[in-house]
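**Q** So that we are looking at the same thing, I have put the structure below in structure tokens.
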Amino acid sequence: MKITGLEVLTLPDHGDSMMLVVVDTDEGIHGLGEVGIRSRQRAVAGGLEHLAELIVGEDPRRIEHLWQVMFRRGFFPADRILGAAIAAVDVALWDIRGKALGVPVHELLGGRARDHVPAYVHVGDGYHDRAWFLDRCRDLVAEGWRHLRFASPHDADGTLDARRCLRGSVELFHQVRDAVGDEVELILDVHTRLDPPEALTLCREIEAARPYFVEDPLRCENPDSYRMLRARTGVPLAAGEQYGSKWEFRTLIEDDLIDYARVDVGVAAGLTEAKKIAAMAEAHHIKLATHNPLGPVTAASSLQLNLTCPNVAIQEHQTDPDPAIAALFTARPTIVPGRVELSELPGIGVDIDRAAARRYQATADERPHLRTSDGAFTNW
């Protein structure tokens, strides 16, 4: 079997752009992967164009070999942008391998360690209408969700004042806890918006409300910054969605600075690398909470990973695509409130009507730009 081509599909998704990669072979089997970065997609597209030159004509079954070629062959190791391109290709190669053998990918990764994968849901960003937001939390619990995720609030005009964000996050978290009771697990995503002093105060102020974890309380560039936070709060910490390889995860894992590794299969160089990161985390009793505010392809590849790893806690689920886009997928994961169901379909368990998908040419929206009260740029 030889790889004959690589095609990129871009689909609209709730005002954003879903970037998919299809790898074709001379035996008529194709594989599907997804780019996990939904910004700077033109840079990722350039990376995919270069990767195609490296893999066309190669045997798609040599997945580890091709991963090494894609990650290392340019002398400079892949960064997060190229890592996201590699991730999409790598998942597509696993998809091809599973389809060629007629088995789901989790059978190739060691077989399933569980019968389904627990999932959490996004509440939404309507925290400026507090009554609506709390009703939304209650409605999700009534549907059967037992893990809810929401983000730290910022001002409606796009201003982020760190002290107001801190106070608003503390107030919101306690209000949600009071609204849904003690049996529902709550996840607060700080979205890398705070510096260490505010992040520390926030974590201490919500400890009594027992968060499942606090996600990305600090920026990712310097993992050593988590040492202070780790030493001074008992809140479970989660990070890693912006990391593109095992080497970037190394400090957080080896120094036990987090409780949950937020591996994104579409960013961290695919299933090949994600499985290795999961093993590193297992050695430190760190659980996986896979990052997936993306489409059906990443949901499916995350499911295949999570079915096989003993140290999985939960998988993220944001929302289904718009109906017209969802209809393009001829197979996709089954998600019910609280979990992602087992799939026994060959490959990663998702496929698409490619001819229909080609009619769309979406462009990724620019990420929101937040400013501090004095006009300085700050993280969204």
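Convention: chains lettered A, B, ... in structure tokens order; per-chain residue numbering from 1; ligands numbered from 1 as shown.
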Which neighbours of segment 268-275 of chain A fall inside 10 Å, counting only C-alpha atoms, when residues of the same chain fewer than 5 positions from it are skipped, and could you give them as a PDB file with N, CA and C atoms, in the first residue's frame?
**A**
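Output file around-v6.pdb follows:
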ATOM      1  N   GLY A  33      -8.309  12.857   9.377  1.00  0.00           N
ATOM      2  CA  GLY A  33      -7.764  13.476  10.584  1.00  0.00           C
ATOM      3  C   GLY A  33      -8.230  14.911  10.673  1.00  0.00           C
ATOM      4  N   GLU A  34      -8.018  15.544  11.834  1.00  0.00           N
ATOM      5  CA  GLU A  34      -8.446  16.923  12.049  1.00  0.00           C
ATOM      6  C   GLU A  34      -7.319  17.737  12.674  1.00  0.00           C
ATOM      7  N   VAL A  35      -7.172  18.968  12.203  1.00  0.00           N
ATOM      8  CA  VAL A  35      -6.212  19.906  12.785  1.00  0.00           C
ATOM      9  C   VAL A  35      -6.841  20.512  14.037  1.00  0.00           C
ATOM     10  N   GLY A  36      -6.136  20.441  15.156  1.00  0.00           N
ATOM     11  CA  GLY A  36      -6.689  20.908  16.421  1.00  0.00           C
ATOM     12  C   GLY A  36      -6.591  22.408  16.642  1.00  0.00           C
ATOM     13  N   ILE A  63       3.535   3.874  10.599  1.00  0.00           N
ATOM     14  CA  ILE A  63       3.064   5.086  11.254  1.00  0.00           C
ATOM     15  C   ILE A  63       4.148   5.724  12.111  1.00  0.00           C
ATOM     16  N   GLU A  64       4.813   4.955  12.922  1.00  0.00           N
ATOM     17  CA  GLU A  64       5.868   5.521  13.778  1.00  0.00           C
ATOM     18  C   GLU A  64       6.996   6.099  12.938  1.00  0.00           C
ATOM     19  N   TRP A  67       5.872   9.329  11.447  1.00  0.00           N
ATOM     20  CA  TRP A  67       5.811  10.368  12.481  1.00  0.00           C
ATOM     21  C   TRP A  67       7.209  10.965  12.692  1.00  0.00           C
ATOM     22  N   MET A  70       8.129  13.180   9.717  1.00  0.00           N
ATOM     23  CA  MET A  70       7.413  14.456   9.691  1.00  0.00           C
ATOM     24  C   MET A  70       7.888  15.388  10.799  1.00  0.00           C
ATOM     25  N   PHE A  71       8.147  14.855  11.981  1.00  0.00           N
ATOM     26  CA  PHE A  71       8.499  15.689  13.123  1.00  0.00           C
ATOM     27  C   PHE A  71       9.942  16.178  13.055  1.00  0.00           C
ATOM     28  N   ALA A  78       9.462  19.898  15.011  1.00  0.00           N
ATOM     29  CA  ALA A  78       8.163  20.520  14.794  1.00  0.00           C
ATOM     30  C   ALA A  78       7.739  21.344  16.011  1.00  0.00           C
ATOM     31  N   ASP A  79       7.090  22.478  15.747  1.00  0.00           N
ATOM     32  CA  ASP A  79       6.516  23.270  16.820  1.00  0.00           C
ATOM     33  C   ASP A  79       5.018  22.965  16.884  1.00  0.00           C
ATOM     34  N   ARG A  80       4.251  23.808  17.579  1.00  0.00           N
ATOM     35  CA  ARG A  80       2.834  23.504  17.752  1.00  0.00           C
ATOM     36  C   ARG A  80       2.048  23.652  16.459  1.00  0.00           C
ATOM     37  N   ILE A  81       2.438  24.577  15.596  1.00  0.00           N
ATOM     38  CA  ILE A  81       1.735  24.739  14.330  1.00  0.00           C
ATOM     39  C   ILE A  81       1.958  23.517  13.444  1.00  0.00           C
ATOM     40  N   LEU A  82       3.210  23.139  13.253  1.00  0.00           N
ATOM     41  CA  LEU A  82       3.493  21.957  12.450  1.00  0.00           C
ATOM     42  C   LEU A  82       3.027  20.698  13.186  1.00  0.00           C
ATOM     43  N   GLY A  83       3.077  20.711  14.519  1.00  0.00           N
ATOM     44  CA  GLY A  83       2.584  19.569  15.289  1.00  0.00           C
ATOM     45  C   GLY A  83       1.118  19.300  15.034  1.00  0.00           C
ATOM     46  N   ALA A  84       0.328  20.373  14.868  1.00  0.00           N
ATOM     47  CA  ALA A  84      -1.095  20.198  14.582  1.00  0.00           C
ATOM     48  C   ALA A  84      -1.302  19.603  13.190  1.00  0.00           C
ATOM     49  N   ALA A  85      -0.447  19.989  12.234  1.00  0.00           N
ATOM     50  CA  ALA A  85      -0.520  19.394  10.900  1.00  0.00           C
ATOM     51  C   ALA A  85      -0.147  17.909  10.965  1.00  0.00           C
ATOM     52  N   ILE A  86       0.917  17.603  11.694  1.00  0.00           N
ATOM     53  CA  ILE A  86       1.328  16.205  11.862  1.00  0.00           C
ATOM     54  C   ILE A  86       0.217  15.410  12.546  1.00  0.00           C
ATOM     55  N   ALA A  87      -0.431  16.015  13.523  1.00  0.00           N
ATOM     56  CA  ALA A  87      -1.495  15.337  14.248  1.00  0.00           C
ATOM     57  C   ALA A  87      -2.582  14.857  13.306  1.00  0.00           C
ATOM     58  N   ALA A  88      -3.014  15.738  12.387  1.00  0.00           N
ATOM     59  CA  ALA A  88      -4.081  15.369  11.460  1.00  0.00           C
ATOM     60  C   ALA A  88      -3.650  14.217  10.553  1.00  0.00           C
ATOM     61  N   VAL A  89      -2.417  14.284  10.049  1.00  0.00           N
ATOM     62  CA  VAL A  89      -1.919  13.215   9.179  1.00  0.00           C
ATOM     63  C   VAL A  89      -1.784  11.916   9.961  1.00  0.00           C
ATOM     64  N   ASP A  90      -1.245  11.993  11.167  1.00  0.00           N
ATOM     65  CA  ASP A  90      -1.032  10.792  11.979  1.00  0.00           C
ATOM     66  C   ASP A  90      -2.356  10.085  12.273  1.00  0.00           C
ATOM     67  N   VAL A  91      -3.384  10.845  12.659  1.00  0.00           N
ATOM     68  CA  VAL A  91      -4.690  10.229  12.923  1.00  0.00           C
ATOM     69  C   VAL A  91      -5.230   9.583  11.653  1.00  0.00           C
ATOM     70  N   ALA A  92      -5.048  10.252  10.502  1.00  0.00           N
ATOM     71  CA  ALA A  92      -5.501   9.674   9.242  1.00  0.00           C
ATOM     72  C   ALA A  92      -4.781   8.362   8.937  1.00  0.00           C
ATOM     73  N   LEU A  93      -3.501   8.270   9.272  1.00  0.00           N
ATOM     74  CA  LEU A  93      -2.761   7.025   9.053  1.00  0.00           C
ATOM     75  C   LEU A  93      -3.294   5.899   9.936  1.00  0.00           C
ATOM     76  N   TRP A  94      -3.603   6.211  11.189  1.00  0.00           N
ATOM     77  CA  TRP A  94      -4.216   5.205  12.061  1.00  0.00           C
ATOM     78  C   TRP A  94      -5.583   4.787  11.529  1.00  0.00           C
ATOM     79  N   VAL A 105      -9.506   1.459  15.804  1.00  0.00           N
ATOM     80  CA  VAL A 105      -8.133   1.790  16.167  1.00  0.00           C
ATOM     81  C   VAL A 105      -7.825   1.399  17.605  1.00  0.00           C
ATOM     82  N   LEU A 109      -4.305  -0.177  19.542  1.00  0.00           N
ATOM     83  CA  LEU A 109      -3.590   0.538  20.605  1.00  0.00           C
ATOM     84  C   LEU A 109      -3.567  -0.241  21.917  1.00  0.00           C
ATOM     85  N   GLY A 240      -2.203  21.760  29.506  1.00  0.00           N
ATOM     86  CA  GLY A 240      -1.527  21.050  28.435  1.00  0.00           C
ATOM     87  C   GLY A 240      -2.173  21.116  27.074  1.00  0.00           C
ATOM     88  N   GLU A 241      -3.341  21.736  26.942  1.00  0.00           N
ATOM     89  CA  GLU A 241      -4.018  21.733  25.641  1.00  0.00           C
ATOM     90  C   GLU A 241      -3.239  22.465  24.566  1.00  0.00           C
ATOM     91  N   GLN A 242      -2.310  23.341  24.950  1.00  0.00           N
ATOM     92  CA  GLN A 242      -1.529  24.096  23.968  1.00  0.00           C
ATOM     93  C   GLN A 242      -0.181  23.449  23.661  1.00  0.00           C
ATOM     94  N   TYR A 243       0.078  22.289  24.221  1.00  0.00           N
ATOM     95  CA  TYR A 243       1.371  21.638  24.022  1.00  0.00           C
ATOM     96  C   TYR A 243       1.328  20.667  22.839  1.00  0.00           C
ATOM     97  N   GLY A 244       2.431  20.643  22.081  1.00  0.00           N
ATOM     98  CA  GLY A 244       2.469  19.887  20.849  1.00  0.00           C
ATOM     99  C   GLY A 244       3.310  18.629  20.859  1.00  0.00           C
ATOM    100  N   SER A 245       3.861  18.230  22.012  1.00  0.00           N
ATOM    101  CA  SER A 245       4.691  17.036  22.039  1.00  0.00           C
ATOM    102  C   SER A 245       4.924  16.584  23.474  1.00  0.00           C
ATOM    103  N   LYS A 246       5.483  15.388  23.610  1.00  0.00           N
ATOM    104  CA  LYS A 246       5.840  14.837  24.927  1.00  0.00           C
ATOM    105  C   LYS A 246       6.870  15.705  25.627  1.00  0.00           C
ATOM    106  N   GLU A 248       7.158  18.961  25.520  1.00  0.00           N
ATOM    107  CA  GLU A 248       6.533  20.135  26.126  1.00  0.00           C
ATOM    108  C   GLU A 248       5.766  19.759  27.395  1.00  0.00           C
ATOM    109  N   PHE A 249       5.237  18.556  27.457  1.00  0.00           N
ATOM    110  CA  PHE A 249       4.538  18.082  28.653  1.00  0.00           C
ATOM    111  C   PHE A 249       5.501  17.681  29.774  1.00  0.00           C
ATOM    112  N   ARG A 262      -4.137  17.746  29.805  1.00  0.00           N
ATOM    113  CA  ARG A 262      -5.139  18.149  28.804  1.00  0.00           C
ATOM    114  C   ARG A 262      -4.584  17.888  27.398  1.00  0.00           C
ATOM    115  N   VAL A 263      -4.357  16.636  27.088  1.00  0.00           N
ATOM    116  CA  VAL A 263      -3.809  16.269  25.786  1.00  0.00           C
ATOM    117  C   VAL A 263      -4.865  16.508  24.706  1.00  0.00           C
ATOM    118  N   MET A 280       3.494   8.488  29.997  1.00  0.00           N
ATOM    119  CA  MET A 280       4.276   9.323  30.912  1.00  0.00           C
ATOM    120  C   MET A 280       3.420   9.768  32.093  1.00  0.00           C
ATOM    121  N   ALA A 281       2.203  10.205  31.794  1.00  0.00           N
ATOM    122  CA  ALA A 281       1.311  10.682  32.845  1.00  0.00           C
ATOM    123  C   ALA A 281       0.931   9.558  33.800  1.00  0.00           C
ATOM    124  N   THR A 290      -8.865  14.737  28.083  1.00  0.00           N
ATOM    125  CA  THR A 290      -8.512  15.141  26.723  1.00  0.00           C
ATOM    126  C   THR A 290      -9.289  16.372  26.279  1.00  0.00           C
ATOM    127  N   THR A 298     -11.986  14.744  15.783  1.00  0.00           N
ATOM    128  CA  THR A 298     -11.184  14.735  17.008  1.00  0.00           C
ATOM    129  C   THR A 298     -11.931  14.046  18.136  1.00  0.00           C
ATOM    130  N   SER A 301     -11.169  10.369  17.396  1.00  0.00           N
ATOM    131  CA  SER A 301      -9.797   9.955  17.697  1.00  0.00           C
ATOM    132  C   SER A 301      -9.524  10.013  19.192  1.00  0.00           C
ATOM    133  N   SER A 302     -10.112  10.994  19.890  1.00  0.00           N
ATOM    134  CA  SER A 302      -9.964  11.048  21.345  1.00  0.00           C
ATOM    135  C   SER A 302     -10.604   9.827  21.999  1.00  0.00           C
ATOM    136  N   GLN A 304     -10.884   6.848  20.671  1.00  0.00           N
ATOM    137  CA  GLN A 304     -10.020   5.683  20.454  1.00  0.00           C
ATOM    138  C   GLN A 304      -8.861   5.668  21.445  1.00  0.00           C
ATOM    139  N   LEU A 305      -8.274   6.838  21.695  1.00  0.00           N
ATOM    140  CA  LEU A 305      -7.202   6.928  22.690  1.00  0.00           C
ATOM    141  C   LEU A 305      -7.720   6.592  24.077  1.00  0.00           C
ATOM    142  N   ASN A 306      -8.811   7.232  24.466  1.00  0.00           N
ATOM    143  CA  ASN A 306      -9.293   7.117  25.829  1.00  0.00           C
ATOM    144  C   ASN A 306      -9.826   5.725  26.168  1.00  0.00           C
ATOM    145  N   THR A 308      -8.379   3.091  25.487  1.00  0.00           N
ATOM    146  CA  THR A 308      -7.246   2.178  25.717  1.00  0.00           C
ATOM    147  C   THR A 308      -6.383   2.527  26.913  1.00  0.00           C
ATOM    148  N   CYS A 309      -6.518   3.733  27.454  1.00  0.00           N
ATOM    149  CA  CYS A 309      -5.590   4.194  28.493  1.00  0.00           C
ATOM    150  C   CYS A 309      -6.201   3.981  29.877  1.00  0.00           C
TER     151      CYS A 309
END
**Q** Quick one: residues within 7 Å of His317 of chain A, only C-alpha atoms, excluding same-chain residues fewer than 5 positions away - as a PyMOL selection string?
**A** chain A and resi 119-122+292-293
**Q** May I ask for the distance between atom CA of Leu194 of chain A and atom CA of Asn379 of chain A, given in Å to one decimal place?
**A**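 Result for atom CA of Leu194 of chain A versus atom CA of Asn379 of chain A: 8.5 Å, one decimal.
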**Q** Could you tell me how far atom CA of Leu288 of chain A lies from atom CA of Gln315 of chain A, in Å and to one decimal?
**A** 8.1 Å
**Q** Run DSSP on the backbone and grab whatever in segment 121-285 of chain A lands in strand (DSSP E); send it over as a PyMOL selection string.
**A** chain A and resi 121-122+147-151+185-189+213-215+237-239+260-261
**Q** Can you pull out the residues contacting Pro368 of chain A? Cut-off 8 Å, using only C-alpha atoms, and skip same-chain residues under 2 positions away; I want them as a ChimeraX atom specification.
**A** /A:366,370,380
**Q** Output as a PyMOL selection string all residues of segment 276-328 of chain A that backbone DSSP marks as helix (DSSP H, G or I).
**A** chain A and resi 276-282+296-308+323-326
**Q** Generate a file of the selected residues that holds N, CA and C atoms, formatted as a PDB file, in the first residue's frame.
**A**
ATOM      1  N   LYS A 276       1.979   8.114  23.971  1.00  0.00           N
ATOM      2  CA  LYS A 276       3.218   8.198  24.752  1.00  0.00           C
ATOM      3  C   LYS A 276       3.066   9.180  25.919  1.00  0.00           C
ATOM      4  N   ILE A 277       2.401  10.311  25.678  1.00  0.00           N
ATOM      5  CA  ILE A 277       2.169  11.268  26.754  1.00  0.00           C
ATOM      6  C   ILE A 277       1.300  10.636  27.839  1.00  0.00           C
ATOM      7  N   ALA A 278       0.317   9.869  27.428  1.00  0.00           N
ATOM      8  CA  ALA A 278      -0.548   9.192  28.395  1.00  0.00           C
ATOM      9  C   ALA A 278       0.253   8.235  29.269  1.00  0.00           C
ATOM     10  N   ALA A 279       1.206   7.527  28.668  1.00  0.00           N
ATOM     11  CA  ALA A 279       2.040   6.605  29.454  1.00  0.00           C
ATOM     12  C   ALA A 279       2.930   7.369  30.429  1.00  0.00           C
ATOM     13  N   MET A 280       3.494   8.488  29.997  1.00  0.00           N
ATOM     14  CA  MET A 280       4.276   9.323  30.912  1.00  0.00           C
ATOM     15  C   MET A 280       3.420   9.768  32.093  1.00  0.00           C
ATOM     16  N   ALA A 281       2.203  10.205  31.794  1.00  0.00           N
ATOM     17  CA  ALA A 281       1.311  10.682  32.845  1.00  0.00           C
ATOM     18  C   ALA A 281       0.931   9.558  33.800  1.00  0.00           C
ATOM     19  N   GLU A 282       0.699   8.373  33.275  1.00  0.00           N
ATOM     20  CA  GLU A 282       0.312   7.241  34.125  1.00  0.00           C
ATOM     21  C   GLU A 282       1.374   6.942  35.171  1.00  0.00           C
ATOM     22  N   PRO A 296     -16.307  16.196  14.998  1.00  0.00           N
ATOM     23  CA  PRO A 296     -16.483  14.757  15.161  1.00  0.00           C
ATOM     24  C   PRO A 296     -15.212  13.940  14.969  1.00  0.00           C
ATOM     25  N   VAL A 297     -14.274  14.427  14.143  1.00  0.00           N
ATOM     26  CA  VAL A 297     -13.062  13.650  13.887  1.00  0.00           C
ATOM     27  C   VAL A 297     -12.185  13.603  15.135  1.00  0.00           C
ATOM     28  N   THR A 298     -11.986  14.744  15.783  1.00  0.00           N
ATOM     29  CA  THR A 298     -11.184  14.735  17.008  1.00  0.00           C
ATOM     30  C   THR A 298     -11.931  14.046  18.136  1.00  0.00           C
ATOM     31  N   ALA A 299     -13.251  14.176  18.171  1.00  0.00           N
ATOM     32  CA  ALA A 299     -14.027  13.426  19.166  1.00  0.00           C
ATOM     33  C   ALA A 299     -13.804  11.934  18.987  1.00  0.00           C
ATOM     34  N   ALA A 300     -13.784  11.473  17.726  1.00  0.00           N
ATOM     35  CA  ALA A 300     -13.597  10.053  17.444  1.00  0.00           C
ATOM     36  C   ALA A 300     -12.187   9.585  17.783  1.00  0.00           C
ATOM     37  N   SER A 301     -11.169  10.369  17.396  1.00  0.00           N
ATOM     38  CA  SER A 301      -9.797   9.955  17.697  1.00  0.00           C
ATOM     39  C   SER A 301      -9.524  10.013  19.192  1.00  0.00           C
ATOM     40  N   SER A 302     -10.112  10.994  19.890  1.00  0.00           N
ATOM     41  CA  SER A 302      -9.964  11.048  21.345  1.00  0.00           C
ATOM     42  C   SER A 302     -10.604   9.827  21.999  1.00  0.00           C
ATOM     43  N   LEU A 303     -11.756   9.429  21.473  1.00  0.00           N
ATOM     44  CA  LEU A 303     -12.413   8.223  21.989  1.00  0.00           C
ATOM     45  C   LEU A 303     -11.512   7.011  21.838  1.00  0.00           C
ATOM     46  N   GLN A 304     -10.884   6.848  20.671  1.00  0.00           N
ATOM     47  CA  GLN A 304     -10.020   5.683  20.454  1.00  0.00           C
ATOM     48  C   GLN A 304      -8.861   5.668  21.445  1.00  0.00           C
ATOM     49  N   LEU A 305      -8.274   6.838  21.695  1.00  0.00           N
ATOM     50  CA  LEU A 305      -7.202   6.928  22.690  1.00  0.00           C
ATOM     51  C   LEU A 305      -7.720   6.592  24.077  1.00  0.00           C
ATOM     52  N   ASN A 306      -8.811   7.232  24.466  1.00  0.00           N
ATOM     53  CA  ASN A 306      -9.293   7.117  25.829  1.00  0.00           C
ATOM     54  C   ASN A 306      -9.826   5.725  26.168  1.00  0.00           C
ATOM     55  N   LEU A 307     -10.299   5.003  25.161  1.00  0.00           N
ATOM     56  CA  LEU A 307     -10.751   3.642  25.417  1.00  0.00           C
ATOM     57  C   LEU A 307      -9.609   2.736  25.866  1.00  0.00           C
ATOM     58  N   THR A 308      -8.379   3.091  25.487  1.00  0.00           N
ATOM     59  CA  THR A 308      -7.246   2.178  25.717  1.00  0.00           C
ATOM     60  C   THR A 308      -6.383   2.527  26.913  1.00  0.00           C
ATOM     61  N   PRO A 323     -26.516  21.386  11.860  1.00  0.00           N
ATOM     62  CA  PRO A 323     -27.125  20.218  11.202  1.00  0.00           C
ATOM     63  C   PRO A 323     -26.638  19.969   9.782  1.00  0.00           C
ATOM     64  N   ALA A 324     -26.474  21.024   8.983  1.00  0.00           N
ATOM     65  CA  ALA A 324     -26.030  20.835   7.604  1.00  0.00           C
ATOM     66  C   ALA A 324     -24.623  20.251   7.542  1.00  0.00           C
ATOM     67  N   ILE A 325     -23.758  20.656   8.458  1.00  0.00           N
ATOM     68  CA  ILE A 325     -22.388  20.131   8.504  1.00  0.00           C
ATOM     69  C   ILE A 325     -22.384  18.732   9.102  1.00  0.00           C
ATOM     70  N   ALA A 326     -23.166  18.521  10.160  1.00  0.00           N
ATOM     71  CA  ALA A 326     -23.251  17.186  10.761  1.00  0.00           C
ATOM     72  C   ALA A 326     -23.708  16.157   9.735  1.00  0.00           C
TER      73      ALA A 326
END
**Q** Pick out the closest residue to Pro196 of chain A from this set: A:Tyr360, A:Trp145, A:Tyr226, A:Phe329. Count only C-alpha atoms.
**A**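 Of A:Tyr360, A:Trp145, A:Tyr226, A:Phe329, the one nearest Pro196 of chain A is A:Tyr226, counting only C-alpha atoms.
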**Q** With a distance cut-off of 7 Å and only C-alpha atoms, select the neighbouring residues of His116 of chain A, excluding the residue or stretch itself and same-chain residues fewer than 5 positions from it, and output the selection as JSON, numbers by chain.
**A** {"A": [307, 339, 340, 341, 342]}
**Q** Keeping only all heavy atoms, write those residues as a CSV table (one decimal), in the first residue's frame.
**A**
chain,number,residue,atom,x,y,z
A,307,LEU,N,-10.3,5.0,25.2
A,307,LEU,CA,-10.8,3.6,25.4
A,307,LEU,C,-9.6,2.7,25.9
A,307,LEU,O,-9.8,1.7,26.6
A,307,LEU,CB,-11.4,3.1,24.2
A,307,LEU,CG,-12.8,3.5,23.8
A,307,LEU,CD1,-13.2,3.1,22.4
A,307,LEU,CD2,-13.8,3.1,24.9
A,339,ARG,N,-21.3,10.8,28.5
A,339,ARG,CA,-20.3,9.9,28.0
A,339,ARG,C,-20.3,9.8,26.5
A,339,ARG,O,-21.3,10.2,25.8
A,339,ARG,CB,-20.6,8.5,28.5
A,339,ARG,CG,-21.8,7.8,28.1
A,339,ARG,CD,-21.9,6.4,28.7
A,339,ARG,NE,-23.1,5.7,28.1
A,339,ARG,CZ,-24.3,5.7,28.7
A,339,ARG,NH1,-24.5,6.4,29.8
A,339,ARG,NH2,-25.3,4.9,28.2
A,340,VAL,N,-19.2,9.3,26.0
A,340,VAL,CA,-19.0,9.0,24.5
A,340,VAL,C,-19.1,7.5,24.4
A,340,VAL,O,-18.4,6.8,25.1
A,340,VAL,CB,-17.7,9.5,24.0
A,340,VAL,CG1,-17.7,9.3,22.5
A,340,VAL,CG2,-17.4,10.9,24.4
A,341,GLU,N,-20.0,7.0,23.6
A,341,GLU,CA,-20.2,5.6,23.5
A,341,GLU,C,-19.1,4.8,22.7
A,341,GLU,O,-18.5,5.4,21.8
A,341,GLU,CB,-21.6,5.3,22.8
A,341,GLU,CG,-22.8,5.9,23.5
A,341,GLU,CD,-23.3,5.1,24.7
A,341,GLU,OE1,-22.5,4.3,25.3
A,341,GLU,OE2,-24.5,5.2,25.0
A,342,LEU,N,-19.0,3.6,23.1
A,342,LEU,CA,-18.0,2.7,22.4
A,342,LEU,C,-18.4,2.6,20.9
A,342,LEU,O,-19.6,2.5,20.5
A,342,LEU,CB,-18.1,1.3,23.0
A,342,LEU,CG,-17.3,0.2,22.3
A,342,LEU,CD1,-15.8,0.4,22.4
A,342,LEU,CD2,-17.7,-1.2,22.9
**Q** Would you mind reading off the distance between atom CA of Ala356 of chain A and atom CA of Gly46 of chain A, one decimal, in Å?
**A**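 We find that atom CA of Ala356 of chain A and atom CA of Gly46 of chain A lie 23.9 Å from each other.
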**Q** Excluding Arg358 of chain A and its own-chain neighbours fewer than 2 positions away, which residues fall within 9 Å of it when counting only C-alpha atoms? Please give them as a list in words.
**A**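 With the cut-off at 9 Å, the set is Leu9, Thr10, Leu11, Asp353, Arg354, Ala355, Ala356, Tyr360 and Gln361 of chain A.
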**Q** So that I can check the surroundings of Glu107 of chain A, please list as a list in words every protein, DNA and RNA residue that reaches within 10 Å of it, counting only C-alpha atoms and ignoring chain neighbours fewer than 3 positions away.
**A** Gly98, Val103, Pro104, Gly110, Gly111, Arg112, Gln304, Leu307, Thr308, Glu344, Pro346 and Gly347 of chain A
**Q** Compare A:Leu188, A:Ala113, A:Val123, A:Val235 by their minimum atom-to-atom distance to Gly168 of chain A, counting only C-alpha atoms, and give me the closest one.
**A** A:Leu188
**Q** Could you check which of A:Arg164, A:Lys287, A:His147, A:Lys2 is closest to Val23 of chain A, using only C-alpha atoms?
**A**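 Selected residue with least distance to Val23 of chain A: A:Lys2.
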**Q** For Ser343 of chain A, which of A:Leu134, A:Val22, A:Val117, A:Ile29 is the closest residue, counting only C-alpha atoms?
**A**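 Distance minimum relative to Ser343 of chain A lands on A:Val117.
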